[in-house]
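Peer 1: Take this structure, written in structure tokens, and hold onto it; I'll ask about it next.
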Amino acid sequence: MDHKSDTSWKEWKLVPSASMQERLETVRTLREDELELYEIAKDKLTGEHYLHYAYLHRNIGAIGTNGQDEVFHQLLPLESDDVLGIMFSEQPYAYPEHWQKPFLRNGPEGDYVWFDPSYTEAEGEYEALGQQILEELNRFKAEGDLSEAAVERLLRKLEADSEEK
């Protein structure tokens, strides 16, 4: 996919790492140790700010990696208020608990793709609904009434319960 070099990464599905290296500059390092880095970075061409999170993953004894460590990078788009809040009023920014909107993360080939963390919330809701259905089915089986009317009541109850969620 051919990208105009001055367009926002928010419009791209895949962001080449070369584009990141070319356009991204550090505004302020927030925290850095041997395993993690947090910094506010800016796209030099668009002026957009990102919270850059990098972490070192140690591959001790992993098959096929020769024990080499890997560094992963993630970039969360920031609004102006977020930039000021993080820099001056101790607004929390730790990954993953404060990363609730789509962000860029790099993959094994080095390019960046958008990741939407909201699926995890929906996944939990679906898991709870599945557990509730399983409990209803177990109750239904224990009651022993397998008539057409009983099955219809069960299905109506399950449908009503799922619509409440």
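Note on naming: chains are A, B, ... as they come in the structure tokens, residues start from 1 per chain, ligands start from 1 in the order shown.
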Quick one: everything within 9 Å of Glu136 (chain A), counting only C-alpha atoms, minus sequence neighbours fewer than 5 positions away in the same chain. Send it as a ChimeraX atom specification.
Peer 2: /A:131,141,154,157-158
Peer 1: Which neighbours of region 4-17 of chain A fall inside 8 Å, counting only C-alpha atoms, when residues of the same chain fewer than 4 positions from it are skipped, and could you give them as a PyMOL selection string?
Peer 2: chain A and resi 21+45-46+48+110-114
Peer 1: Could the residues in this selection be written to a file with N, CA, C and O atoms, as a PDB file, in the first residue's frame?
Peer 2:
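This went into out-v8.pdb:
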```
ATOM      1  N   GLN A  21      10.864   5.308  12.221  1.00  0.00           N
ATOM      2  CA  GLN A  21      12.222   5.785  12.480  1.00  0.00           C
ATOM      3  C   GLN A  21      12.449   7.168  11.893  1.00  0.00           C
ATOM      4  O   GLN A  21      13.148   7.993  12.473  1.00  0.00           O
ATOM      5  N   LEU A  45       6.019  15.117  11.214  1.00  0.00           N
ATOM      6  CA  LEU A  45       5.299  15.630  10.055  1.00  0.00           C
ATOM      7  C   LEU A  45       3.877  16.068  10.375  1.00  0.00           C
ATOM      8  O   LEU A  45       3.392  17.048   9.823  1.00  0.00           O
ATOM      9  N   THR A  46       3.185  15.350  11.246  1.00  0.00           N
ATOM     10  CA  THR A  46       1.782  15.674  11.528  1.00  0.00           C
ATOM     11  C   THR A  46       1.602  16.421  12.848  1.00  0.00           C
ATOM     12  O   THR A  46       0.547  17.002  13.076  1.00  0.00           O
ATOM     13  N   GLU A  48       1.289  14.939  15.642  1.00  0.00           N
ATOM     14  CA  GLU A  48       0.545  14.079  16.562  1.00  0.00           C
ATOM     15  C   GLU A  48       1.482  13.482  17.616  1.00  0.00           C
ATOM     16  O   GLU A  48       2.629  13.145  17.320  1.00  0.00           O
ATOM     17  N   GLY A 110       8.596  -6.320  12.158  1.00  0.00           N
ATOM     18  CA  GLY A 110       9.036  -4.972  12.476  1.00  0.00           C
ATOM     19  C   GLY A 110       8.046  -3.886  12.128  1.00  0.00           C
ATOM     20  O   GLY A 110       8.154  -2.769  12.622  1.00  0.00           O
ATOM     21  N   ASP A 111       7.081  -4.168  11.255  1.00  0.00           N
ATOM     22  CA  ASP A 111       6.085  -3.160  10.912  1.00  0.00           C
ATOM     23  C   ASP A 111       5.044  -3.073  12.022  1.00  0.00           C
ATOM     24  O   ASP A 111       4.910  -3.966  12.851  1.00  0.00           O
ATOM     25  N   TYR A 112       4.294  -1.987  12.017  1.00  0.00           N
ATOM     26  CA  TYR A 112       3.317  -1.729  13.070  1.00  0.00           C
ATOM     27  C   TYR A 112       1.903  -1.893  12.530  1.00  0.00           C
ATOM     28  O   TYR A 112       1.612  -1.498  11.406  1.00  0.00           O
ATOM     29  N   VAL A 113       1.036  -2.469  13.346  1.00  0.00           N
ATOM     30  CA  VAL A 113      -0.374  -2.635  13.010  1.00  0.00           C
ATOM     31  C   VAL A 113      -1.207  -2.095  14.165  1.00  0.00           C
ATOM     32  O   VAL A 113      -0.756  -2.033  15.309  1.00  0.00           O
ATOM     33  N   TRP A 114      -2.445  -1.723  13.835  1.00  0.00           N
ATOM     34  CA  TRP A 114      -3.358  -1.223  14.858  1.00  0.00           C
ATOM     35  C   TRP A 114      -3.948  -2.398  15.624  1.00  0.00           C
ATOM     36  O   TRP A 114      -4.349  -3.403  15.042  1.00  0.00           O
TER      37      TRP A 114
END
```
Peer 1: Have a look at A:Leu155, A:Leu35, A:Leu76, A:Ile40 and name the one nearest to His57 (chain A); count only C-alpha atoms.
Peer 2: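 Using only C-alpha atoms, the shortest distance to His57 (chain A) belongs to A:Leu35.
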Peer 1: Do you have the CA of Phe115 (chain A)-CA of Glu36 (chain A) distance handy?
Peer 2: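 If I compute the distance from CA of Phe115 (chain A) to CA of Glu36 (chain A), I get 19.7 Å.
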Peer 1: From a DSSP calculation on the backbone, collect every residue of region 34-155 of chain A in helix (DSSP H, G or I) and output the set as number ranges by chain.
Peer 2: A: 80-88, 118-143, 148-155
Peer 1: What is the distance, in Å and to one decimal place, between CA of Glu143 (chain A) and CA of Arg156 (chain A)?
Peer 2: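 That distance, rounded to one decimal, is 16.9 Å.
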